[in-house]
>>> print(open('query.cif').read())   # mmCIF, C-alpha atoms
data_work
#
loop_
_atom_site.label_atom_id
_atom_site.label_comp_id
_atom_site.auth_asym_id
_atom_site.auth_seq_id
_atom_site.Cartn_x
_atom_site.Cartn_y
_atom_site.Cartn_z
CA MET A 1 20.59 1.46 20.22
CA PRO A 2 18.21 4.41 20.51
CA THR A 3 15.13 4.61 18.34
CA ARG A 4 15.83 6.27 14.98
CA LEU A 5 13.02 8.08 13.21
CA CYS A 6 13.84 9.18 9.67
CA LEU A 7 11.63 11.82 8.10
CA SER A 8 10.66 11.25 4.49
CA ALA A 9 7.99 12.62 2.17
CA PHE A 10 6.12 12.10 -1.07
CA GLY A 11 7.82 14.86 -3.01
CA ASP A 12 5.31 14.87 -5.84
CA GLU A 13 2.82 16.44 -3.44
CA ILE A 14 4.98 19.57 -3.68
CA ASP A 15 5.49 19.89 -7.42
CA ALA A 16 5.82 17.77 -10.56
CA ASP A 17 9.44 18.86 -10.96
CA LEU A 18 11.82 16.61 -9.03
CA ALA A 19 14.41 19.34 -8.47
CA THR A 20 11.74 21.52 -6.87
CA GLN A 21 10.59 18.61 -4.71
CA LEU A 22 14.09 18.01 -3.44
CA ASP A 23 14.91 21.68 -2.87
CA VAL A 24 11.86 22.12 -0.65
CA LEU A 25 12.54 18.97 1.33
CA VAL A 26 16.22 19.77 1.85
CA SER A 27 15.37 23.31 2.96
CA GLU A 28 13.18 21.75 5.67
CA GLY A 29 15.87 19.29 6.73
CA VAL A 30 14.22 16.22 5.18
CA GLN A 31 16.82 13.94 3.62
CA HIS A 32 14.64 11.11 2.31
CA LEU A 33 12.09 10.85 -0.48
CA GLU A 34 9.40 8.23 -1.01
CA ILE A 35 9.49 8.48 -4.77
CA ARG A 36 6.10 8.16 -6.42
CA GLY A 37 6.34 10.43 -9.42
CA ALA A 38 7.94 13.37 -11.19
CA TRP A 39 7.64 15.24 -14.46
CA GLY A 40 4.06 14.08 -14.85
CA LYS A 41 4.97 10.39 -14.69
CA ASN A 42 4.61 7.67 -12.10
CA ILE A 43 7.91 6.17 -10.98
CA LEU A 44 7.05 2.90 -12.74
CA GLU A 45 6.80 4.80 -16.04
CA PHE A 46 10.29 6.33 -15.88
CA ASP A 47 12.52 5.45 -18.81
CA GLY A 48 16.25 4.95 -18.49
CA GLY A 49 17.02 8.60 -19.12
CA GLU A 50 14.58 9.75 -16.47
CA ILE A 51 15.99 7.30 -13.94
CA ASN A 52 19.50 8.63 -14.63
CA ARG A 53 18.27 12.21 -14.33
CA ALA A 54 16.55 11.44 -11.02
CA GLN A 55 19.63 9.67 -9.67
CA ALA A 56 21.77 12.69 -10.50
CA LEU A 57 19.38 15.13 -8.81
CA LEU A 58 19.19 12.97 -5.69
CA LYS A 59 22.97 12.73 -5.50
CA GLU A 60 23.39 16.48 -5.98
CA ARG A 61 20.94 17.25 -3.14
CA GLY A 62 22.20 14.51 -0.83
CA VAL A 63 18.74 12.92 -0.64
CA LYS A 64 18.16 9.18 -0.38
CA VAL A 65 15.08 7.22 -1.41
CA SER A 66 13.16 5.67 1.49
CA ALA A 67 10.74 3.62 -0.61
CA ILE A 68 9.24 3.20 -4.05
CA GLY A 69 5.72 4.64 -3.77
CA SER A 70 4.27 2.30 -6.34
CA PRO A 71 0.58 2.01 -7.33
CA ILE A 72 0.79 -1.80 -7.38
CA GLY A 73 -2.51 -3.23 -6.18
CA LYS A 74 -4.50 -0.09 -6.96
CA SER A 75 -6.28 -1.98 -9.68
CA GLN A 76 -9.25 -4.26 -10.19
CA LEU A 77 -9.07 -8.01 -9.70
CA GLY A 78 -10.51 -8.27 -13.21
CA GLN A 79 -7.07 -7.37 -14.54
CA PRO A 80 -5.01 -10.47 -15.42
CA PRO A 81 -2.35 -11.31 -12.80
CA ALA A 82 0.35 -10.49 -15.34
CA PHE A 83 -0.63 -6.80 -15.18
CA GLU A 84 0.61 -6.34 -11.63
CA LEU A 85 3.45 -8.83 -11.95
CA GLU A 86 4.86 -6.73 -14.77
CA ARG A 87 4.49 -3.57 -12.67
CA LEU A 88 6.22 -5.37 -9.81
CA GLU A 89 9.21 -6.07 -12.05
CA ARG A 90 9.44 -2.36 -12.83
CA ALA A 91 9.16 -1.51 -9.13
CA ILE A 92 11.95 -3.95 -8.28
CA ALA A 93 14.13 -2.39 -10.97
CA ALA A 94 13.36 1.06 -9.54
CA ALA A 95 14.20 -0.12 -6.02
CA GLU A 96 17.56 -1.33 -7.26
CA ALA A 97 18.19 1.88 -9.19
CA PHE A 98 17.38 4.06 -6.18
CA ASP A 99 18.98 1.83 -3.56
CA THR A 100 15.95 1.05 -1.42
CA GLN A 101 14.48 -2.24 -0.24
CA LEU A 102 10.93 -0.98 0.32
CA ILE A 103 8.08 -1.00 -2.23
CA ARG A 104 4.66 0.31 -1.22
CA ILE A 105 1.70 -1.77 -2.42
CA PHE A 106 -2.09 -2.03 -2.06
CA SER A 107 -4.56 -4.93 -2.06
CA PHE A 108 -6.91 -4.26 -4.99
CA PHE A 109 -10.10 -2.28 -5.32
CA VAL A 110 -12.96 -4.39 -3.99
CA GLY A 111 -16.69 -3.65 -4.02
CA GLU A 112 -18.35 -2.77 -0.74
CA ASN A 113 -19.90 -6.21 -0.26
CA ASP A 114 -17.37 -8.29 -2.20
CA HIS A 115 -14.60 -8.83 0.35
CA ASP A 116 -15.42 -12.47 1.12
CA ARG A 117 -15.60 -13.34 -2.56
CA ALA A 118 -12.39 -11.48 -3.36
CA ARG A 119 -10.33 -12.77 -0.42
CA PRO A 120 -8.83 -15.95 -1.98
CA ASP A 121 -7.80 -14.16 -5.16
CA VAL A 122 -6.32 -11.19 -3.26
CA PHE A 123 -4.29 -13.48 -1.02
CA GLU A 124 -3.09 -15.67 -3.89
CA ARG A 125 -1.94 -12.76 -6.03
CA ILE A 126 -0.12 -10.98 -3.23
CA ALA A 127 1.52 -14.24 -2.17
CA ARG A 128 2.94 -14.49 -5.70
CA TRP A 129 4.29 -10.97 -5.40
CA THR A 130 6.06 -11.85 -2.16
CA GLU A 131 7.73 -14.86 -3.76
CA ARG A 132 9.26 -12.53 -6.33
CA ALA A 133 10.09 -9.98 -3.62
CA VAL A 134 11.99 -12.58 -1.60
CA ALA A 135 14.02 -13.53 -4.66
CA ALA A 136 14.77 -9.87 -5.37
CA GLY A 137 15.65 -8.98 -1.77
CA VAL A 138 12.93 -6.35 -1.37
CA THR A 139 10.08 -5.90 1.09
CA LEU A 140 6.53 -5.03 0.07
CA VAL A 141 4.81 -2.72 2.55
CA HIS A 142 1.02 -2.87 2.32
CA GLU A 143 -0.77 0.42 2.89
CA ASN A 144 -4.29 0.44 4.28
CA GLU A 145 -6.60 2.57 2.15
CA LYS A 146 -10.30 3.06 1.64
CA GLU A 147 -11.96 1.06 -1.14
CA ILE A 148 -9.24 -1.60 -1.30
CA TYR A 149 -9.41 -5.03 0.33
CA GLY A 150 -7.15 -3.94 3.18
CA ASP A 151 -9.13 -0.90 4.24
CA ILE A 152 -9.84 -1.96 7.83
CA PRO A 153 -7.35 -3.46 10.30
CA GLN A 154 -8.97 -6.88 10.51
CA ARG A 155 -8.53 -7.44 6.77
CA CYS A 156 -4.98 -6.09 6.84
CA GLN A 157 -4.17 -8.54 9.62
CA GLU A 158 -5.84 -11.41 7.73
CA LEU A 159 -3.77 -10.62 4.65
CA LEU A 160 -0.48 -10.46 6.53
CA GLU A 161 -1.20 -13.66 8.43
CA ALA A 162 -2.40 -15.59 5.38
CA VAL A 163 0.53 -14.66 3.15
CA ASN A 164 2.93 -15.12 6.08
CA SER A 165 6.03 -13.86 4.31
CA PRO A 166 8.96 -11.81 5.62
CA ALA A 167 8.68 -9.90 2.34
CA LEU A 168 5.22 -8.54 3.23
CA ARG A 169 4.97 -5.99 6.04
CA ASN A 170 2.53 -3.29 7.08
CA ALA A 171 2.60 0.41 6.18
CA PHE A 172 0.48 2.11 8.85
CA ASP A 173 -1.54 5.13 7.69
CA PRO A 174 -3.64 6.63 10.50
CA ALA A 175 -5.60 9.08 8.34
CA ASN A 176 -6.72 6.32 6.01
CA TYR A 177 -8.16 4.47 9.00
CA VAL A 178 -10.01 7.57 10.14
CA GLN A 179 -11.53 7.84 6.67
CA VAL A 180 -13.12 4.39 7.05
CA GLY A 181 -14.37 5.07 10.58
CA VAL A 182 -11.62 3.21 12.45
CA GLN A 183 -9.82 4.51 15.55
CA PRO A 184 -6.17 4.14 14.47
CA MET A 185 -4.62 3.50 17.86
CA ALA A 186 -7.50 1.86 19.72
CA GLN A 187 -8.62 -0.47 16.93
CA ALA A 188 -5.87 -0.79 14.30
CA TRP A 189 -2.56 -0.55 16.12
CA PRO A 190 -3.11 -3.52 18.49
CA LEU A 191 -3.68 -5.79 15.48
CA LEU A 192 -0.88 -4.47 13.29
CA ALA A 193 1.92 -3.19 15.51
CA ASP A 194 3.96 -6.37 15.15
CA TYR A 195 3.81 -6.15 11.35
CA THR A 196 4.47 -2.42 11.00
CA THR A 197 7.81 -1.47 9.47
CA HIS A 198 6.73 1.68 7.65
CA VAL A 199 4.55 4.64 8.64
CA HIS A 200 2.78 7.30 6.61
CA ILE A 201 2.10 10.58 8.36
CA LYS A 202 -1.15 12.33 7.67
CA ASP A 203 -4.16 13.14 9.80
CA ALA A 204 -7.91 13.35 9.17
CA VAL A 205 -11.17 14.00 10.99
CA PHE A 206 -14.04 11.57 11.47
CA ALA A 207 -16.69 14.20 10.76
CA ASP A 208 -16.10 14.33 7.01
CA GLY A 209 -12.82 12.50 6.37
CA SER A 210 -11.02 15.69 5.41
CA VAL A 211 -7.25 15.74 5.85
CA ARG A 212 -5.38 17.85 8.41
CA PRO A 213 -1.75 18.47 9.37
CA ALA A 214 -0.38 15.92 11.81
CA GLY A 215 -1.88 16.39 15.26
CA GLU A 216 -4.87 18.42 14.12
CA GLY A 217 -7.23 15.53 13.35
CA ASP A 218 -8.53 12.33 14.88
CA GLY A 219 -5.61 10.14 13.84
CA ALA A 220 -4.03 10.07 17.32
CA LEU A 221 -0.61 10.96 15.93
CA PRO A 222 0.94 11.76 19.35
CA ALA A 223 -0.11 8.33 20.61
CA LEU A 224 1.25 6.69 17.47
CA LEU A 225 4.62 8.38 17.89
CA GLN A 226 4.73 7.33 21.54
CA ALA A 227 3.94 3.75 20.56
CA LEU A 228 6.70 3.77 17.95
CA VAL A 229 9.20 5.06 20.49
CA ASP A 230 8.08 2.48 23.04
CA ARG A 231 8.58 -0.31 20.48
CA ARG A 232 11.99 1.10 19.49
CA TYR A 233 10.80 1.56 15.93
CA ASP A 234 13.70 2.15 13.57
CA GLY A 235 12.32 3.37 10.27
CA PHE A 236 10.67 6.08 8.24
CA LEU A 237 7.93 8.57 8.99
CA THR A 238 6.81 9.48 5.49
CA LEU A 239 4.74 12.62 5.06
CA GLU A 240 1.82 12.19 2.68
CA PRO A 241 -0.24 15.18 3.81
CA HIS A 242 -2.77 15.59 0.94
CA LEU A 243 -3.51 19.11 2.20
CA LYS A 244 -4.74 20.48 -1.14
CA ILE A 245 -6.22 17.52 -3.00
CA ALA A 246 -6.76 13.94 -1.83
CA GLY A 247 -7.54 11.60 -4.71
CA ARG A 248 -7.82 7.90 -5.40
CA PHE A 249 -4.35 7.70 -6.94
CA GLY A 250 -2.51 10.35 -4.93
CA GLY A 251 -2.77 13.84 -3.56
CA THR A 252 -1.14 17.25 -3.54
CA SER A 253 -0.13 19.71 -0.87
CA GLY A 254 1.94 22.30 -2.73
CA GLU A 255 5.10 23.80 -1.31
CA ALA A 256 3.34 25.70 1.47
CA GLY A 257 1.27 22.68 2.46
CA MET A 258 4.29 20.39 2.63
CA ARG A 259 6.23 22.89 4.71
CA LEU A 260 3.26 23.14 7.08
CA ALA A 261 3.04 19.35 7.28
CA ILE A 262 6.75 18.92 8.02
CA ARG A 263 6.70 21.54 10.75
CA ALA A 264 3.56 20.04 12.30
CA LEU A 265 5.29 16.66 12.51
CA ARG A 266 8.45 18.17 13.98
CA LYS A 267 6.33 19.85 16.65
CA LEU A 268 4.81 16.48 17.58
CA LEU A 269 8.30 14.99 17.77
CA GLU A 270 9.62 17.62 20.20
CA PRO A 271 8.73 15.66 23.38
CA PHE A 272 10.77 12.71 22.12
CA ARG A 273 13.99 14.49 21.21
CA GLU A 274 15.88 13.19 24.24
CA GLN A 275 14.71 9.62 23.61
CA VAL A 276 15.20 9.19 19.88
CA ILE A 277 17.42 10.13 16.98
CA ILE A 278 15.41 12.18 14.49
CA GLN A 279 16.86 12.40 11.01
#
>>> encode(input="query.cif", output="structure tokens")
Amino acid sequence: MPTRLCLSAFGDEIDADLATQLDVLVSEGVQHLEIRGAWGKNILEFDGGEINRAQALLKERGVKVSAIGSPIGKSQLGQPPAFELERLERAIAAAEAFDTQLIRIFSFFVGENDHDRARPDVFERIARWTERAVAAGVTLVHENEKEIYGDIPQRCQELLEAVNSPALRNAFDPANYVQVGVQPMAQAWPLLADYTTHVHIKDAVFADGSVRPAGEGDGALPALLQALVDRRYDGFLTLEPHLKIAGRFGGTSGEAGMRLAIRALRKLLEPFREQVIIQ
């Protein structure tokens, strides 16, 4: 089968209102949403009524959920394990409600010189999450990000190898590697390609870490897309452009920024149109 690349996006970068998020994405031909938040709430805070409301809006617009963009693991190791286990239960319930098998996670905020000390605890806690994920039939995709344990590719690889679970895969974010001084394709991809089942699309520059539309920074997005095509990647390219504000717990782009980001990605995909199915 040909490679299938499905475009998705973090809609809450557009607007807090879910209907507005979906209308913008649909108008740009994007039929998937990585749902992180709406109406001023994180997805894990939705009550039953809000889940029903979101389901209805998604059905009306013909949009499917690619992944639950959870904040699990964006916390301190000082929190009791039960804190994230309870959030995981909510994420699993959300995955079931929105008919997706993917839940985005992180690997805890860790001090600059504390990685060796934190390693056993990080691995043990995430291993427990994967046990629950296996039972629930979901996959946790770990996103590399600055200030967490898995900020550089070597630690991401160590985590994936140590936990060694089919329920833990890699979410590759090239801009986040740039922001920690790592060459995404030369240094990160060779270590993580075999684990990568999810990709976030944003770009950044080494000079100051600022974010750019895909292809306008140092994230080597054209090379990443070529590598995905070569490996016959069948999955999502989720836009997380952060073109207005990039913060520790999310970012915004606004409607104009998201449209710019989508069109920049489509431009990068043009050379591959005869080789892949782009949805």
>>> resolve_selection(input="query.cif", expression="the PyMOL selection byres ((chain A and resi 103) around 10)", output="ChimeraX atom specification")
/A:34-35,66-72,88,91-92,94-95,100-102,104-105,133,138-142,168
>>> resolve_selection(input="query.cif", expression="the PyMOL selection byres ((chain A and resi 234) around 8)", output="count of residues only")
7
>>> resolve_selection(input="query.cif", expression="the PyMOL selection byres ((chain A and resi 110) around 8)", output="list of chain:residue names")
A:Gln76, A:Leu77, A:Phe108, A:Phe109, A:Gly111, A:Glu112, A:Asp114, A:His115, A:Ala118, A:Glu147, A:Ile148, A:Tyr149
>>> residues_around(input="query.cif", residues="range 7-11 of chain A", least_positions_apart="5", cutoff="10 Å", atoms="all atoms listed in the file", output="number ranges by chain")
A: 16-25, 29-38, 63-69, 199-201, 235-242, 250-255, 258, 261-262, 265-266, 278-279
>>> atom_distance(input="query.cif", atom1="CA of Trp39 in chain A", atom2="CA of Phe98 in chain A")
17.0 Å
>>> closest_residue(input="query.cif", among="A:Thr130, A:Gln55, A:Ser210, A:Gln187", to="Asn164 in chain A", atoms="all atoms listed in the file")
A:Thr130
>>> closest_residue(input="query.cif", among="A:Asp15, A:Ile51, A:Arg128, A:Phe106", to="Leu85 in chain A", atoms="all atoms listed in the file")
A:Arg128
>>> residues_around(input="query.cif", residues="Gly257 in chain A", least_positions_apart="6", cutoff="9 Å", atoms="only C-alpha atoms", output="PDB file with C-alpha atoms, in the frame of the given file")
ATOM      1  CA  GLU A  13       2.820  16.440  -3.440  1.00  0.00           C
ATOM      2  CA  ILE A  14       4.980  19.570  -3.680  1.00  0.00           C
ATOM      3  CA  PRO A 213      -1.750  18.470   9.370  1.00  0.00           C
ATOM      4  CA  PRO A 241      -0.240  15.180   3.810  1.00  0.00           C
ATOM      5  CA  HIS A 242      -2.770  15.590   0.940  1.00  0.00           C
ATOM      6  CA  LEU A 243      -3.510  19.110   2.200  1.00  0.00           C
ATOM      7  CA  LYS A 244      -4.740  20.480  -1.140  1.00  0.00           C
TER       8      LYS A 244
END
>>> atom_distance(input="query.cif", atom1="CA of Arg119 in chain A", atom2="CA of Lys202 in chain A")
27.9 Å
>>> atom_distance(input="query.cif", atom1="CA of Glu145 in chain A", atom2="CA of Ile126 in chain A")
16.0 Å
>>> closest_residue(input="query.cif", among="A:Ala214, A:Val276, A:Leu225, A:Leu44", to="Ala264 in chain A", atoms="all atoms listed in the file")
A:Ala214
>>> axis_aligned_box(input="query.cif", around="range 254-267 of chain A", padding_each_side="6 Å", output="AutoDock Vina command-line options")
--center_x 4.9 --center_y 21.2 --center_z 7.0 --size_x 19.2 --size_y 21.0 --size_z 31.4
>>> decode(input="query.cif", residues="range 133-164 of chain A", atoms="N, CA and C atoms", output="CSV table (one decimal), in the first residue's frame")
chain,number,residue,atom,x,y,z
A,133,ALA,N,-2.2,1.0,29.7
A,133,ALA,CA,-2.5,1.3,28.3
A,133,ALA,C,-2.7,0.0,27.6
A,134,VAL,N,-1.9,-1.0,27.8
A,134,VAL,CA,-2.1,-2.3,27.2
A,134,VAL,C,-3.4,-2.9,27.5
A,135,ALA,N,-3.8,-2.8,28.7
A,135,ALA,CA,-5.1,-3.4,29.1
A,135,ALA,C,-6.3,-2.6,28.5
A,136,ALA,N,-6.1,-1.3,28.2
A,136,ALA,CA,-7.1,-0.5,27.7
A,136,ALA,C,-7.1,-0.5,26.1
A,137,GLY,N,-6.1,-1.0,25.5
A,137,GLY,CA,-6.0,-1.0,24.1
A,137,GLY,C,-5.6,0.3,23.5
A,138,VAL,N,-4.8,1.1,24.2
A,138,VAL,CA,-4.4,2.4,23.7
A,138,VAL,C,-2.9,2.4,23.6
A,139,THR,N,-2.4,3.4,22.9
A,139,THR,CA,-0.9,3.6,22.7
A,139,THR,C,-0.6,4.9,23.2
A,140,LEU,N,0.5,5.0,24.1
A,140,LEU,CA,1.0,6.3,24.6
A,140,LEU,C,2.1,6.7,23.7
A,141,VAL,N,2.0,7.9,23.2
A,141,VAL,CA,3.1,8.5,22.3
A,141,VAL,C,3.8,9.6,23.1
A,142,HIS,N,5.1,9.3,23.3
A,142,HIS,CA,5.9,10.2,24.1
A,142,HIS,C,6.5,11.3,23.3
A,143,GLU,N,6.2,12.6,23.6
A,143,GLU,CA,6.7,13.7,22.9
A,143,GLU,C,7.9,14.3,23.6
A,144,ASN,N,9.0,14.4,22.8
A,144,ASN,CA,10.2,15.1,23.3
A,144,ASN,C,9.9,16.6,23.5
A,145,GLU,N,10.4,17.1,24.6
A,145,GLU,CA,10.1,18.5,24.9
A,145,GLU,C,11.2,19.0,25.9
A,146,LYS,N,11.5,20.3,25.7
A,146,LYS,CA,12.5,20.9,26.6
A,146,LYS,C,12.0,20.9,28.1
A,147,GLU,N,13.0,20.7,29.0
A,147,GLU,CA,12.8,20.7,30.4
A,147,GLU,C,12.2,19.4,31.0
A,148,ILE,N,11.8,18.4,30.1
A,148,ILE,CA,11.3,17.2,30.7
A,148,ILE,C,12.5,16.2,30.5
A,149,TYR,N,12.3,15.0,31.1
A,149,TYR,CA,13.4,14.0,31.1
A,149,TYR,C,13.7,13.7,29.6
A,150,GLY,N,12.7,13.4,28.8
A,150,GLY,CA,13.0,13.1,27.4
A,150,GLY,C,13.1,14.3,26.5
A,151,ASP,N,14.1,15.2,26.8
A,151,ASP,CA,14.2,16.4,26.0
A,151,ASP,C,15.2,16.1,24.8
A,152,ILE,N,16.2,15.2,25.0
A,152,ILE,CA,17.2,14.9,23.9
A,152,ILE,C,17.0,13.5,23.5
A,153,PRO,N,17.4,13.2,22.3
A,153,PRO,CA,17.1,11.9,21.7
A,153,PRO,C,17.7,10.7,22.4
A,154,GLN,N,18.8,10.9,23.0
A,154,GLN,CA,19.4,9.7,23.8
A,154,GLN,C,18.5,9.3,24.9
A,155,ARG,N,17.9,10.3,25.7
A,155,ARG,CA,17.1,10.0,26.8
A,155,ARG,C,15.7,9.4,26.3
A,156,CYS,N,15.2,9.9,25.2
A,156,CYS,CA,14.0,9.4,24.6
A,156,CYS,C,14.2,7.9,24.3
A,157,GLN,N,15.4,7.6,23.6
A,157,GLN,CA,15.7,6.2,23.3
A,157,GLN,C,15.8,5.4,24.5
A,158,GLU,N,16.5,5.9,25.5
A,158,GLU,CA,16.7,5.1,26.8
A,158,GLU,C,15.3,4.7,27.4
A,159,LEU,N,14.4,5.7,27.4
A,159,LEU,CA,13.1,5.5,27.9
A,159,LEU,C,12.3,4.4,27.2
A,160,LEU,N,12.3,4.5,25.9
A,160,LEU,CA,11.6,3.6,25.0
A,160,LEU,C,12.2,2.2,25.2
A,161,GLU,N,13.5,2.1,25.2
A,161,GLU,CA,14.1,0.8,25.3
A,161,GLU,C,13.9,0.2,26.7
A,162,ALA,N,14.0,1.0,27.7
A,162,ALA,CA,13.8,0.5,29.1
A,162,ALA,C,12.4,0.0,29.4
A,163,VAL,N,11.4,0.8,29.0
A,163,VAL,CA,10.0,0.4,29.2
A,163,VAL,C,9.7,-0.8,28.3
A,164,ASN,N,10.1,-0.8,27.0
A,164,ASN,CA,10.0,-1.9,26.1
A,164,ASN,C,8.6,-2.4,26.1
